[in-house]
Every structure is written in structure tokens, then in C-alpha cells.
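Peer 1: input33.pdb is reproduced in full below (PDB, C-alpha atoms, pLDDT in the B column).
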```
ATOM      1  CA  MET A   1      14.146  -6.149  21.919  1.00 96.00           C
ATOM      2  CA  PHE A   2      12.236  -5.035  18.834  1.00 98.00           C
ATOM      3  CA  ALA A   3       8.496  -4.688  18.161  1.00 98.00           C
ATOM      4  CA  ALA A   4       6.501  -4.403  14.955  1.00 98.00           C
ATOM      5  CA  ILE A   5       3.117  -2.819  15.658  1.00 98.00           C
ATOM      6  CA  TRP A   6       0.126  -2.955  13.304  1.00 98.00           C
ATOM      7  CA  GLU A   7      -3.342  -1.432  13.549  1.00 98.00           C
ATOM      8  CA  TYR A   8      -6.413  -2.974  11.919  1.00 98.00           C
ATOM      9  CA  SER A   9      -9.988  -2.054  11.246  1.00 98.00           C
ATOM     10  CA  ILE A  10     -11.876  -5.283  10.608  1.00 98.00           C
ATOM     11  CA  ARG A  11     -15.120  -6.273   8.932  1.00 97.00           C
ATOM     12  CA  PRO A  12     -17.862  -6.488  11.593  1.00 92.00           C
ATOM     13  CA  GLU A  13     -18.626 -10.149  10.879  1.00 96.00           C
ATOM     14  CA  ALA A  14     -14.938 -11.144  10.942  1.00 97.00           C
ATOM     15  CA  ALA A  15     -14.025 -10.679  14.625  1.00 97.00           C
ATOM     16  CA  ASP A  16     -13.761 -14.374  15.524  1.00 97.00           C
ATOM     17  CA  ALA A  17     -11.766 -15.269  12.412  1.00 98.00           C
ATOM     18  CA  PHE A  18      -9.511 -12.235  12.819  1.00 98.00           C
ATOM     19  CA  GLU A  19      -8.767 -13.011  16.453  1.00 97.00           C
ATOM     20  CA  ALA A  20      -8.042 -16.653  15.564  1.00 97.00           C
ATOM     21  CA  LEU A  21      -5.618 -15.687  12.772  1.00 98.00           C
ATOM     22  CA  TYR A  22      -3.826 -12.809  14.520  1.00 98.00           C
ATOM     23  CA  GLY A  23      -3.925 -13.866  18.175  1.00 96.00           C
ATOM     24  CA  PRO A  24      -0.980 -15.183  20.215  1.00 94.00           C
ATOM     25  CA  ASP A  25      -1.843 -18.774  19.231  1.00 94.00           C
ATOM     26  CA  GLY A  26      -2.958 -17.952  15.689  1.00 96.00           C
ATOM     27  CA  GLU A  27      -1.374 -18.878  12.390  1.00 97.00           C
ATOM     28  CA  TRP A  28       0.759 -15.736  12.286  1.00 97.00           C
ATOM     29  CA  ALA A  29       2.303 -16.572  15.655  1.00 97.00           C
ATOM     30  CA  MET A  30       2.778 -20.209  14.639  1.00 97.00           C
ATOM     31  CA  LEU A  31       4.732 -19.061  11.576  1.00 98.00           C
ATOM     32  CA  PHE A  32       6.778 -16.598  13.636  1.00 98.00           C
ATOM     33  CA  ARG A  33       7.637 -19.328  16.173  1.00 97.00           C
ATOM     34  CA  GLU A  34       9.520 -21.238  13.471  1.00 97.00           C
ATOM     35  CA  HIS A  35      12.168 -18.494  13.434  1.00 97.00           C
ATOM     36  CA  PRO A  36      14.933 -17.617  15.875  1.00 96.00           C
ATOM     37  CA  GLY A  37      14.445 -14.422  17.787  1.00 98.00           C
ATOM     38  CA  TYR A  38      10.640 -14.441  18.002  1.00 98.00           C
ATOM     39  CA  ARG A  39       9.434 -13.527  21.511  1.00 98.00           C
ATOM     40  CA  GLY A  40       5.653 -13.360  21.209  1.00 97.00           C
ATOM     41  CA  THR A  41       2.561 -11.610  19.903  1.00 97.00           C
ATOM     42  CA  GLU A  42      -0.070  -9.556  21.679  1.00 97.00           C
ATOM     43  CA  LEU A  43      -3.467  -8.869  20.129  1.00 98.00           C
ATOM     44  CA  LEU A  44      -5.242  -5.884  21.650  1.00 98.00           C
ATOM     45  CA  ARG A  45      -8.883  -4.932  20.988  1.00 98.00           C
ATOM     46  CA  SER A  46      -9.816  -1.255  21.148  1.00 97.00           C
ATOM     47  CA  GLU A  47     -12.845   0.200  22.886  1.00 97.00           C
ATOM     48  CA  ILE A  48     -13.788   1.277  19.346  1.00 96.00           C
ATOM     49  CA  PRO A  49     -15.623  -1.689  17.776  1.00 95.00           C
ATOM     50  CA  GLY A  50     -13.675  -3.449  15.048  1.00 97.00           C
ATOM     51  CA  ARG A  51     -10.286  -1.899  15.878  1.00 98.00           C
ATOM     52  CA  TYR A  52      -7.236  -3.944  16.923  1.00 98.00           C
ATOM     53  CA  LEU A  53      -3.491  -3.669  17.437  1.00 98.00           C
ATOM     54  CA  THR A  54      -0.921  -6.428  17.103  1.00 98.00           C
ATOM     55  CA  ILE A  55       2.467  -6.185  18.778  1.00 98.00           C
ATOM     56  CA  ASP A  56       4.983  -8.727  17.503  1.00 98.00           C
ATOM     57  CA  ARG A  57       8.122  -8.899  19.636  1.00 98.00           C
ATOM     58  CA  TRP A  58      11.513 -10.094  18.425  1.00 98.00           C
ATOM     59  CA  ASP A  59      15.014 -10.177  19.862  1.00 98.00           C
ATOM     60  CA  SER A  60      16.131  -7.657  17.250  1.00 97.00           C
ATOM     61  CA  GLU A  61      15.106  -5.856  14.107  1.00 97.00           C
ATOM     62  CA  ALA A  62      17.606  -8.058  12.243  1.00 97.00           C
ATOM     63  CA  ALA A  63      15.784 -11.212  13.417  1.00 98.00           C
ATOM     64  CA  TYR A  64      12.452  -9.767  12.216  1.00 98.00           C
ATOM     65  CA  ASP A  65      13.925  -8.734   8.858  1.00 98.00           C
ATOM     66  CA  ALA A  66      15.498 -12.187   8.394  1.00 98.00           C
ATOM     67  CA  PHE A  67      12.067 -13.722   9.026  1.00 98.00           C
ATOM     68  CA  LEU A  68      10.498 -11.438   6.388  1.00 97.00           C
ATOM     69  CA  VAL A  69      13.066 -12.465   3.789  1.00 97.00           C
ATOM     70  CA  ALA A  70      12.878 -16.178   4.605  1.00 97.00           C
ATOM     71  CA  GLU A  71       9.083 -16.362   4.655  1.00 97.00           C
ATOM     72  CA  LYS A  72       8.026 -14.015   1.857  1.00 96.00           C
ATOM     73  CA  PRO A  73       5.687 -16.530   0.112  1.00 96.00           C
ATOM     74  CA  ARG A  74       4.068 -17.794   3.335  1.00 96.00           C
ATOM     75  CA  TYR A  75       3.846 -14.231   4.675  1.00 96.00           C
ATOM     76  CA  SER A  76       2.054 -13.130   1.494  1.00 97.00           C
ATOM     77  CA  GLU A  77      -0.409 -16.028   1.721  1.00 97.00           C
ATOM     78  CA  LEU A  78      -1.337 -15.254   5.336  1.00 96.00           C
ATOM     79  CA  ASP A  79      -1.493 -11.541   4.588  1.00 96.00           C
ATOM     80  CA  ALA A  80      -3.978 -12.186   1.778  1.00 97.00           C
ATOM     81  CA  ARG A  81      -6.145 -14.219   4.153  1.00 96.00           C
ATOM     82  CA  GLY A  82      -6.030 -11.361   6.632  1.00 97.00           C
ATOM     83  CA  ASP A  83      -6.927  -8.836   3.930  1.00 97.00           C
ATOM     84  CA  ALA A  84     -10.232 -10.657   3.455  1.00 97.00           C
ATOM     85  CA  LEU A  85     -11.054  -9.927   7.128  1.00 98.00           C
ATOM     86  CA  THR A  86      -9.982  -6.293   7.294  1.00 98.00           C
ATOM     87  CA  LEU A  87     -11.191  -2.943   6.028  1.00 98.00           C
ATOM     88  CA  GLU A  88      -7.905  -1.192   6.774  1.00 97.00           C
ATOM     89  CA  GLU A  89      -4.394  -2.225   7.843  1.00 97.00           C
ATOM     90  CA  ARG A  90      -1.672   0.196   8.891  1.00 98.00           C
ATOM     91  CA  CYS A  91       1.853  -0.299  10.123  1.00 97.00           C
ATOM     92  CA  VAL A  92       2.040   1.873  13.227  1.00 98.00           C
ATOM     93  CA  GLY A  93       5.780   1.409  13.272  1.00 98.00           C
ATOM     94  CA  ARG A  94       8.876  -0.582  14.078  1.00 98.00           C
ATOM     95  CA  TYR A  95      10.130   0.094  17.589  1.00 98.00           C
ATOM     96  CA  ALA A  96      13.230  -0.605  19.646  1.00 96.00           C
ATOM     97  CA  PRO A  97      14.325   0.629  23.062  1.00 93.00           C
ATOM     98  CA  PRO A  98      16.519   3.745  23.111  1.00 92.00           C
ATOM     99  CA  CYS A  99      20.235   3.059  23.181  1.00 78.00           C
TER
END
```
Could you show the structure in this file as C-alpha cells?

Peer 2:
Amino acid sequence: MFAAIWEYSIRPEAADAFEALYGPDGEWAMLFREHPGYRGTELLRSEIPGRYLTIDRWDSEAAYDAFLVAEKPRYSELDARGDALTLEERCVGRYAPPC
């Protein structure tokens, strides 16, 4: 199992649109589902207003990296749409269980 975790600070008026785009049934997850190895997405809202985490789970880091290569143009388009909703975006990290 592998997880890519991102943290976001969003524009106050963008909560509904952000949750729709980044949630487990959002456009990001729909794109991920087209690729082997995708296991699911969690969207978590912080107690701090406007702060979120996404956790995207894959079978392996290789499956995630293959997705990134295969979907670079579509990834960039969705990322640009997300940028319009966010104030800050940070990759928390790429995680795998210990060996």
C-alpha cells in the first residue's frame, strides 16, 4: 500500500467546490479510478476553518507514479482548477508501510 497526502488551505467561499472536486467521488477520484492500483481517496476537514487533507491510496508507489506519467495533461488541468480554490497547497509526503 502507498499513500500520497496533501494539505490545503482553501478560499473561504470555495468549500463546496473544493469538497466536490477533491472528495472521494470528485473529479480527482474519477480520474484516479481509470488507473490500475488506485484504492481510494479520503478528504478530511480540519477543526481549523478552511484546512483540509487528502489521502490518496494506491497499491504501490509505482502504480501512483505510472498514473502521474500517463495523465500529466489531465492532472495539470485539474490541478489548475484546484489552484483557483486554494490559498496554499502542500505535499505532506508520500508514505508506504515499513518493510

Peer 1: Would you pick out the contacts of Phe18 of chain A at 8 Å or less, using all atoms listed in the file, so that residues sharing its chain but fewer than 5 positions from it are not included, and give the list as a list in words?

Peer 2: Ile10, Gly23, Gly82 and Leu85 of chain A

Peer 1: Name the residues captured by the PyMOL selection byres ((chain A and resi 54-63) around 10) when it is applied to the shown file; answer as a PyMOL selection string.

Peer 2: chain A and resi 1-8+22-24+28-29+32+35-45+52-53+64-68+91-96

Peer 1: For atom CA of Glu19 of chain A and atom CA of Lys72 of chain A, quote the distance in Å rounded to one decimal.

Peer 2: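 Between these atoms lies a distance of 22.3 Å.
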
Peer 1: Using Å and a single decimal, report how far atom CA of Arg90 of chain A sits from atom CA of Pro12 of chain A.

Peer 2: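 So the answer is 17.7 Å.
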
Peer 1: Can you measure atom CA of Leu31 of chain A to atom CA of Ala84 of chain A for me? One decimal in Å is fine.

Peer 2: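 Atom CA of Ala84 of chain A lies at a distance of 19.0 Å from atom CA of Leu31 of chain A.
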
Peer 1: Would you please work out which residue, of A:Arg33, A:Cys99, A:Arg51, A:Glu27, is nearest to Leu87 of chain A when using all atoms listed in the file?

Peer 2: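 Nearest candidate to Leu87 of chain A out of A:Arg33, A:Cys99, A:Arg51, A:Glu27: A:Arg51.
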
Peer 1: Determine the axis-aligned bounding box of all atoms of segment 25-35 of chain A present in the file, pad each side by 3 Å, and express its centre and edge lengths in Å to one decimal place as AutoDock Vina command-line options.

Peer 2:
```
--center_x 4.6 --center_y -18.5 --center_z 15.4 --size_x 21.1 --size_y 11.5 --size_z 13.7
```

Peer 1: Which residue is closest to Glu71 of chain A? Choose from A:Asp83, A:Glu34, A:Glu47, A:Glu89 and count only C-alpha atoms.

Peer 2: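 Residue with the minimum atom-to-atom distance to Glu71 of chain A: A:Glu34.
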